[in-house]
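Undergrad: Okay, here's the structure, questions in a sec.
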Amino acid sequence: MQTTAPEKNAHEQAPNKSTEQQLQQHWQQLDRLAREIGKVIVGQHDVVEQMLICLLARGHALLEGVPGLGKTLLVKTLADASAMAFKRVQFTPDLMPGDILGNEILEEDHATGKRFFKFQRGPIFTNILLADEINRTPPKTQAALLESMQEYAVTVAGETMKLPDPYFVLATQNPIEQAGTYPLPEAQLDRFLLNIHIDYPDERDEIEILRATTGSQSAQAETCVDAETLLAAQALVREVSVSDDLYRYIAQLVRATRADGDGNLGRWIKWGAGPRAGQALVLAARARAFLQRRLAVTRADVQALLLPVLRHRMLLSFQAQADGVSVQQVIDELLATVAEPGRD
């Protein structure tokens with residue numbers, strides 16, 4: 001088994017409740033899941049990895065990209081490769097909260113003639129929920145997802161109902177379409193563990209996409225994992241070791257986004273990330289380590305996930321926008337400003 005020694009001063013132990021054989025079995029299943037998704041989604045290896053990181057960390061993902069890059073297909077392929085319930089909701093300007101949560105319907109008992117209300121569950125009661133074009137629906141309907149994403153439960157007519165476990169929300173939005181859209185409020189953006197950007201494929205991948213999708217047969221993902229497997233893997237992710245040095249490093253990175261003064265970070269960031277960003281970075285780094293068959297988090301895990309964790313949790317200043325500063329440049333400056341563990 002490939003294990004990476006934790007950074008110094010680690011106070012957590014590697015998972016000791018599972019045998020070597022069980023760990024290998026989990027890793028093999030996750031490897032196969034990535035391969036099955038890769039049959040349909042050509043290229044986009046980082047995107048697939050980040051989506052699986054979200055799933056293993058019990059988080060939710062916001063997928064951004066221009067039309068036609070396969071955002072919806074990516075989520076549907078994940079559902080096809082996993083034996084879990086899947087629902088898709090196309091968010092539109094006239095979508096109401098009840099269309100997502102469900103509604104009470106008046107029914108009649110034909111034997112007694114009495115009428116009663118019966119709750120008809122909405123599409124939110126599923127394992128994998130695709131909220132397609134989430135920024136095309138008004139804030140009232142967007143807010144209907146808030147409780148489910150944070151509490152894994154919904155309250156309707158005064159009754160709180162648990163959602164299926166695991167519960168995974170993947171929302172898509174088009175960053176270039178502005179007409180008829182409603183930007184997600186900061187409170188809801190913060191509920192997403194990662195903000196995953198899907199970019200254009202390179203030439204080789206685009207040629208393969210043309211070859212694979214315009215013939216008589218299309219690739220299909222085979223079912224290879226179930227809910228029980230994913231729940232067990234999610235539990236193991238929480239046991240992956242994180243050192244004291246890395247906890248301190250993560251806290252310093254997040255706190256540095258709130259910098260004041262004359263430095264670049266102080267000029268570029270209007271408001272920085274809150275403590276939930278640090279929690280997301282720890283969980284995502286643990287999931288990445290586990291996905292790569294390691295039982296301890298490294299600096300590389302933290303640094304690789306800094307952009308998708310922070311890009312939707314920081315607001316760039318007018319000065320940064322006027323100077324054409326990108327979020328990637330802010331992340332680079334952040335990494336240059338905060339000293340790595342073990343280095344002066």
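Ordering of the structure tokens sets the chain letters (A, B, ...); residue numbers start at 1 within each chain; ligands are numbered from 1 in the order shown.
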Just want the 6 Å neighbourhood of segment 263-274 of chain A, counted on only C-alpha atoms, with same-chain residues fewer than 4 positions away dropped. Output as a list in words.

TA: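 Here the answer would be Thr257, Arg258, Ala259, Arg313, Met314, Leu315, Leu316, Ser317 and Ala320 of chain A.
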
Undergrad: Restrict the selected residues to N, CA and C atoms and save them as a PDB file, in the first residue's frame.

TA:
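Just written: again_33.pdb:
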```pdb
ATOM      1  N   THR A 257      -6.333  35.922   3.085  1.00  0.00           N
ATOM      2  CA  THR A 257      -7.271  36.512   2.122  1.00  0.00           C
ATOM      3  C   THR A 257      -7.986  37.720   2.726  1.00  0.00           C
ATOM      4  N   ARG A 258      -7.879  37.888   4.022  1.00  0.00           N
ATOM      5  CA  ARG A 258      -8.514  39.034   4.684  1.00  0.00           C
ATOM      6  C   ARG A 258      -7.504  40.146   4.952  1.00  0.00           C
ATOM      7  N   ALA A 259      -6.414  40.157   4.212  1.00  0.00           N
ATOM      8  CA  ALA A 259      -5.321  41.090   4.455  1.00  0.00           C
ATOM      9  C   ALA A 259      -5.758  42.536   4.229  1.00  0.00           C
ATOM     10  N   ARG A 313     -15.184  32.158  -2.902  1.00  0.00           N
ATOM     11  CA  ARG A 313     -15.312  32.645  -1.529  1.00  0.00           C
ATOM     12  C   ARG A 313     -14.583  33.972  -1.319  1.00  0.00           C
ATOM     13  N   MET A 314     -14.023  34.534  -2.366  1.00  0.00           N
ATOM     14  CA  MET A 314     -13.362  35.835  -2.293  1.00  0.00           C
ATOM     15  C   MET A 314     -14.012  36.786  -3.287  1.00  0.00           C
ATOM     16  N   LEU A 315     -14.078  38.046  -2.936  1.00  0.00           N
ATOM     17  CA  LEU A 315     -14.573  39.071  -3.851  1.00  0.00           C
ATOM     18  C   LEU A 315     -13.414  39.992  -4.192  1.00  0.00           C
ATOM     19  N   LEU A 316     -13.057  40.040  -5.469  1.00  0.00           N
ATOM     20  CA  LEU A 316     -11.959  40.902  -5.881  1.00  0.00           C
ATOM     21  C   LEU A 316     -12.390  42.364  -5.853  1.00  0.00           C
ATOM     22  N   SER A 317     -11.456  43.216  -5.545  1.00  0.00           N
ATOM     23  CA  SER A 317     -11.726  44.644  -5.447  1.00  0.00           C
ATOM     24  C   SER A 317     -11.854  45.277  -6.831  1.00  0.00           C
ATOM     25  N   ALA A 320      -8.468  45.461  -8.464  1.00  0.00           N
ATOM     26  CA  ALA A 320      -8.033  44.228  -9.121  1.00  0.00           C
ATOM     27  C   ALA A 320      -8.701  44.072 -10.480  1.00  0.00           C
TER      28      ALA A 320
END
```

Undergrad: Can you list, as number ranges by chain, all residues belonging to segment 140-304 of chain A that DSSP tags as alpha helix (DSSP H)?

TA: A: 140-142, 146-151, 186-189, 203-213, 227-237, 244-256, 264-268, 275-291, 299-304

Undergrad: If you count only C-alpha atoms, which residues fall within 8 Å of segment 282-291 of chain A, apart from same-chain ones fewer than 4 positions away, as a ChimeraX atom specification?

TA: /A:27,30,53-54,56-57,193,237-238,240-242,247,250,278,295-298,301-302,305

Undergrad: Would you work out the distance separating atom CA of Leu246 of chain A from atom CA of Ala277 of chain A, expressed in Å to one decimal?

TA: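 If I compute the distance from atom CA of Leu246 of chain A to atom CA of Ala277 of chain A, I get 14.4 Å.
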
Undergrad: Nearest to Gln24 of chain A: which of A:Arg191, A:Arg293, A:His312, A:Arg299 is it, counting only C-alpha atoms?

TA: A:Arg293
